[in-house]
There are 4 protein chains.
Amino acid sequence: MNFNPNRLVLLMHCPDQKGIIASVTEFIHQRNGNIIYIDQYVDRSQDAFFMRMVVEASNKTIDFIAFKNNFALELGVTFQLKCDFYQEERLPKMAVFVSKYDHCLYDILSQQRSGKLNCEIPFIISNHKDLEGIAKQFEIPFYHIAVSKENKKEAEEKQLEILKQYQVDFIVLARYMQIVSSKLIDLYSSKIINIHHSFLPAFPGAKPYHSALNRGVKIIGATSHYVTEELDAGPIIEQDIVRVSHEHDVKDLIDKGQDLERMVLLRGLKLHCDRKIMVYNNKTVVFN
Amino acid sequence: MNFNPNRLVLLMHCPDQKGIIASVTEFIHQRNGNIIYIDQYVDRSQDAFFMRMVVEASNKTIDFIAFKNNFALELGVTFQLKCDFYQEERLPKMAVFVSKYDHCLYDILSQQRSGKLNCEIPFIISNHKDLEGIAKQFEIPFYHIAVSKENKKEAEEKQLEILKQYQVDFIVLARYMQIVSSKLIDLYSSKIINIHHSFLPAFPGAKPYHSALNRGVKIIGATSHYVTEELDAGPIIEQDIVRVSHEHDVKDLIDKGQDLERMVLLRGLKLHCDRKIMVYNNKTVVFN
Amino acid sequence: MNFNPNRLVLLMHCPDQKGIIASVTEFIHQRNGNIIYIDQYVDRSQDAFFMRMVVEASNKTIDFIAFKNNFALELGVTFQLKCDFYQEERLPKMAVFVSKYDHCLYDILSQQRSGKLNCEIPFIISNHKDLEGIAKQFEIPFYHIAVSKENKKEAEEKQLEILKQYQVDFIVLARYMQIVSSKLIDLYSSKIINIHHSFLPAFPGAKPYHSALNRGVKIIGATSHYVTEELDAGPIIEQDIVRVSHEHDVKDLIDKGQDLERMVLLRGLKLHCDRKIMVYNNKTVVFN
Amino acid sequence: MNFNPNRLVLLMHCPDQKGIIASVTEFIHQRNGNIIYIDQYVDRSQDAFFMRMVVEASNKTIDFIAFKNNFALELGVTFQLKCDFYQEERLPKMAVFVSKYDHCLYDILSQQRSGKLNCEIPFIISNHKDLEGIAKQFEIPFYHIAVSKENKKEAEEKQLEILKQYQVDFIVLARYMQIVSSKLIDLYSSKIINIHHSFLPAFPGAKPYHSALNRGVKIIGATSHYVTEELDAGPIIEQDIVRVSHEHDVKDLIDKGQDLERMVLLRGLKLHCDRKIMVYNNKTVVFN
């Protein structure tokens, strides 16, 4: 896959008002930008406007800094418009946190190698050594940081150090079986993606497959979401389900569920890497 | 559709043990019965055995009473086997309870008329008059029994009287917006089917679509289940879901959801009418 | 449901070029129009631009004729933009063609009565008398026009006469078991919606459920599409599927399939009635 | 995962007749076998009976040879019953054929390593060198056998030699972009599994995603099936679909489709490895 150095992704939001689309598209045209993609969404209950654009510079080089500054001056002020700018060629750096389950890790690494997951993976952190072999197989640095009740704070400091050292953009908890601290959540707000093995808000917390079996549900699910202070209550990115029946025991649910988990996590990660998600009001706006 | 007077449906369960299938099939063969359908399920965690059979008499007439008695004497005792017997030609009588929503009612009545829902519908009970026109359209008796805080008990007595008068086999709450009493639930245990407009156990109780919107889920669902004392906590018969996105407001969720509700309710009713469901441990065993 | 007399739906398309969105939104704002909905799509392989807008007049009355004329003069010329205008309050008139199957007919009539299908249904035409009772039940005129090899042309003339008399906007073939003529297709181009009981392009033509069984597929489907000259080859509006297994015989496939048929047809009709579909290159652009 | 050396999987079929289940279950009980799983299917249109059983020996060791011989003598003759016997602990050996696409290969290898795909993978054969690195990563022998019009026969002889040398049980074509010869198909009848990137029978042959785009379908699919002489016409094992819209170009379809391909192929392989599939009449009977 080739990424275009002259292509920008813009994620913007502001109070809804007349003339925003006209003004923004006009601003782009004046600078010889081609609008490759445009989609917007208005939340009428909140009078909030959201827009995603992909813009390509017609001329060979684009003065990214000037573009940003002018945008803020002209549109930011007029419309109280806030915008995040991403250069398409600059791939985000994703830290991978795992414990013992390997299905999500395998999927993340192989999809990234296949060119399907547009990010860099500078390292893997785990509180167990079980998956070190997979890290080696894919030649990615593996940091084993054991976590216990006693060393929890210390362990987290080590994690933070590594995250900073590699200038990580976001974190995936790929079945990482520890609750991350408020400090980490604050530092990486809307930048930690978790996979939970149920269709939230059903069965939050531990052992959702056992709970699902016990309740006798006919569908099980998985949910990828951003991590917030409250456990399994953050903005949902993606969900999917699979049918089950009375014939399935807990092992069957886990088997079926793990296939869901890796798919739902990967879809969430792809959307995040491609800058298609905006977080707002503990919900996500997900552009196509 | 023609129902066969010589065809029986058998739903049986007992502690799991060797030789049950062999003994039951042998019993049938000795009486010149053809096994049209056989499926069984063993819950290993509970050592419980379940089986559904459809049996057809080879000779023109079958002595139903003798068959039942011998079955109980020979197999019931040996295996502690309990069995429900249904003659296929004897359609169950279903009472329909509604309030103001018409989508489930329309579906129930038209599917029954199309010959897709194998039951008799002797009457409709409602706490509102809104849907009386539909009852007339389909020429089904309509009983308006208003329910208020004050007359709750009295209203229920009227309902029970009508249910007895018509010798109803089971009840469907087709978006009936009242909580039914313990007395009714006891009298029709595992015989009251409700449709709840969420994928339970998520969003039980009132206004699930509003809660779903608020939580920002990416799928909504519907659940048909047997009514038990605890609200929306009875054995689940059938569930299904539909994808939604940030673009959908509560009206959209209701629109999409109502299509789910009628499908999921109808599938549950068909399974019940065709005697394909066994209830056990607050769960359902649903045969194909 | 209340329809807003001051609300317009606009479906427009033109060659893709810079500045269209800006110009159109500017045009609306100058006339004190609120953009309630806007979505656009660019087919890059064809350099074709499509947009759907819902516009509401801020002032109490909108001069619809003037609006249309100015739109054509200002934007139509500049951008080679073609636009269809629909007043939201003016519901389309839909003719229903049926034969003997009642499941789609029941669904259409009850959904329209429930206020879920935004159209008028002035009459039903059938080549058989079987469904006349349902027409009576819903108090809709029923025209029985028998069709045979001999009277085919004559029968069609009668149909056309009735269609004109009622000033029908579009036609639904709700399991109408006759091939409609080129003349009708030409007169109602992109205005005849058919339901086919397979996931096209698999199993076009007669007896798709038998073919599906024979081929041993694990999913069956249904497709709603606009009718064109070539059988079952017109622009696809909506499709859906359901899982099947070796256990299902042809009767089971038909039962499962008919539930799909009515859902997929209704979804297609709703999209058409709500002016969310544009036809192009034998494909559909379907807005949310 | 631990496989039980005293556990057998039996796949049997015969003309349908009375008393089969009773006789087979009786045969097992007489030998102190526990029936862990039993499911049967009768194709009434063909009067054909199919059954899958999992049997566990109560005593520590089972005389596998004697069991098979007695089964054939007692039941095989009486009922014209044919049966395949598999020891659960003996994992099947699967040869992997690939070309340039890596997504299915990654999934197969990582799922096998995770203990989700119960087989041995003795080697990978490819007509290209592109995926050699992945073979190395997973430490699996990789044979590059280039195939051209000129050397087709010779190349196949090499393939056959390797297949024999490793005593392969079955073959997966994991997006292997060559048509395999009749000779190979004959030798491995119902033992070559292919993944086709469409919901067959729609879009057989080359470039199904392009054809799907061109036809304007709203769903795309993938199909895993056994390879037979006729291209993409063999017994279907598993299918699944994903919704698409006018917004998706061919690259989007490929991206979405490849996720389907790997899931549908893996599900098919798992069913085959777990001996849950019977092939019959160019269709599959797939037990749960």
# chains A, B, ... in the order shown; residues from 1 in each chain; ligands from 1
>>> residues_around(residues="Val54 (chain D)", least_positions_apart="5", cutoff="9 Å", atoms="only C-alpha atoms", output="JSON list (two decimals) with N, CA, C and O atoms, in the first residue's frame")
[["chain", "number", "residue", "atom", "x", "y", "z"],
["D", 7, "ARG", "N", -11.18, -42.38, 22.43],
["D", 7, "ARG", "CA", -12.36, -41.78, 21.85],
["D", 7, "ARG", "C", -12.36, -41.97, 20.34],
["D", 7, "ARG", "O", -11.37, -41.71, 19.67],
["D", 8, "LEU", "N", -13.51, -42.41, 19.82],
["D", 8, "LEU", "CA", -13.66, -42.63, 18.39],
["D", 8, "LEU", "C", -14.76, -41.74, 17.82],
["D", 8, "LEU", "O", -15.78, -41.53, 18.47],
["D", 9, "VAL", "N", -14.52, -41.26, 16.61],
["D", 9, "VAL", "CA", -15.58, -40.58, 15.86],
["D", 9, "VAL", "C", -16.05, -41.53, 14.76],
["D", 9, "VAL", "O", -15.23, -42.07, 14.02],
["D", 10, "LEU", "N", -17.37, -41.74, 14.67],
["D", 10, "LEU", "CA", -17.94, -42.62, 13.64],
["D", 10, "LEU", "C", -18.84, -41.82, 12.71],
["D", 10, "LEU", "O", -19.74, -41.11, 13.18],
["D", 34, "ASN", "N", -19.38, -45.44, 25.96],
["D", 34, "ASN", "CA", -20.28, -44.32, 26.27],
["D", 34, "ASN", "C", -20.51, -43.51, 25.01],
["D", 34, "ASN", "O", -19.54, -43.17, 24.31],
["D", 35, "ILE", "N", -21.75, -43.20, 24.75],
["D", 35, "ILE", "CA", -22.03, -42.34, 23.60],
["D", 35, "ILE", "C", -21.94, -40.89, 24.07],
["D", 35, "ILE", "O", -22.79, -40.41, 24.81],
["D", 36, "ILE", "N", -20.88, -40.22, 23.65],
["D", 36, "ILE", "CA", -20.63, -38.84, 24.06],
["D", 36, "ILE", "C", -21.45, -37.88, 23.21],
["D", 36, "ILE", "O", -21.86, -36.81, 23.64],
["D", 37, "TYR", "N", -21.65, -38.27, 21.98],
["D", 37, "TYR", "CA", -22.37, -37.43, 21.02],
["D", 37, "TYR", "C", -23.08, -38.34, 20.04],
["D", 37, "TYR", "O", -22.51, -39.35, 19.59],
["D", 38, "ILE", "N", -24.31, -37.99, 19.71],
["D", 38, "ILE", "CA", -25.01, -38.72, 18.65],
["D", 38, "ILE", "C", -25.91, -37.75, 17.93],
["D", 38, "ILE", "O", -26.62, -36.96, 18.54]]
>>> interface_residues(of="chain A", to="chain D", cutoff="9 Å", atoms="only C-alpha atoms", output="PyMOL selection string")
chain A and resi 101-103+106-107+110-111+114+116+137-138+247+255+259+263+288
>>> residues_around(residues="Leu265 (chain D)", least_positions_apart="5", cutoff="8 Å", atoms="only C-alpha atoms", output="number ranges by chain")
D: 104, 174, 194-195, 223-224, 238
>>> residues_around(residues="Leu173 (chain C)", least_positions_apart="5", cutoff="9 Å", atoms="only C-alpha atoms", output="short mmCIF file (atom, residue, chain, number, x, y, z; two decimals) with all heavy atoms, in the first residue's frame")
data_model
loop_
_atom_site.label_atom_id
_atom_site.label_comp_id
_atom_site.auth_asym_id
_atom_site.auth_seq_id
_atom_site.Cartn_x
_atom_site.Cartn_y
_atom_site.Cartn_z
N ALA C 95 -49.17 1.08 -7.01
CA ALA C 95 -50.05 -0.02 -7.44
C ALA C 95 -49.45 -1.34 -6.99
O ALA C 95 -48.25 -1.54 -7.08
CB ALA C 95 -50.18 -0.01 -8.96
N VAL C 96 -50.30 -2.23 -6.49
CA VAL C 96 -49.83 -3.53 -6.02
C VAL C 96 -50.31 -4.63 -6.97
O VAL C 96 -51.50 -4.78 -7.19
CB VAL C 96 -50.35 -3.81 -4.59
CG1 VAL C 96 -49.83 -5.16 -4.10
CG2 VAL C 96 -49.94 -2.70 -3.63
N PHE C 97 -49.34 -5.36 -7.52
CA PHE C 97 -49.67 -6.51 -8.37
C PHE C 97 -49.38 -7.79 -7.59
O PHE C 97 -48.27 -7.97 -7.07
CB PHE C 97 -48.78 -6.52 -9.63
CG PHE C 97 -49.23 -5.58 -10.72
CD1 PHE C 97 -49.61 -4.26 -10.44
CD2 PHE C 97 -49.25 -6.00 -12.06
CE1 PHE C 97 -50.00 -3.39 -11.45
CE2 PHE C 97 -49.65 -5.13 -13.08
CZ PHE C 97 -50.02 -3.83 -12.78
N VAL C 98 -50.36 -8.68 -7.53
CA VAL C 98 -50.14 -9.95 -6.83
C VAL C 98 -50.71 -11.11 -7.64
O VAL C 98 -51.43 -10.90 -8.62
CB VAL C 98 -50.81 -9.97 -5.43
CG1 VAL C 98 -50.13 -9.01 -4.49
CG2 VAL C 98 -52.30 -9.66 -5.54
N ILE C 192 -40.81 0.08 -11.27
CA ILE C 192 -41.45 -1.19 -10.96
C ILE C 192 -40.50 -1.96 -10.05
O ILE C 192 -39.35 -2.23 -10.43
CB ILE C 192 -41.75 -2.02 -12.22
CG1 ILE C 192 -42.55 -1.18 -13.23
CG2 ILE C 192 -42.52 -3.29 -11.86
CD1 ILE C 192 -42.81 -1.90 -14.55
N ILE C 193 -40.96 -2.28 -8.87
CA ILE C 193 -40.11 -2.99 -7.91
C ILE C 193 -40.60 -4.42 -7.77
O ILE C 193 -41.79 -4.67 -7.55
CB ILE C 193 -40.14 -2.28 -6.53
CG1 ILE C 193 -39.50 -0.90 -6.66
CG2 ILE C 193 -39.40 -3.11 -5.47
CD1 ILE C 193 -39.53 -0.06 -5.39
N ASN C 194 -39.68 -5.35 -7.92
CA ASN C 194 -39.99 -6.77 -7.82
C ASN C 194 -39.24 -7.38 -6.64
O ASN C 194 -38.18 -6.91 -6.24
CB ASN C 194 -39.54 -7.48 -9.12
CG ASN C 194 -39.91 -8.96 -9.13
OD1 ASN C 194 -41.03 -9.33 -8.77
ND2 ASN C 194 -38.97 -9.80 -9.51
N ILE C 195 -39.82 -8.45 -6.09
CA ILE C 195 -39.08 -9.24 -5.10
C ILE C 195 -38.74 -10.58 -5.74
O ILE C 195 -39.63 -11.28 -6.24
CB ILE C 195 -39.88 -9.42 -3.78
CG1 ILE C 195 -39.10 -10.28 -2.77
CG2 ILE C 195 -41.27 -10.03 -4.03
CD1 ILE C 195 -37.92 -9.57 -2.18
#
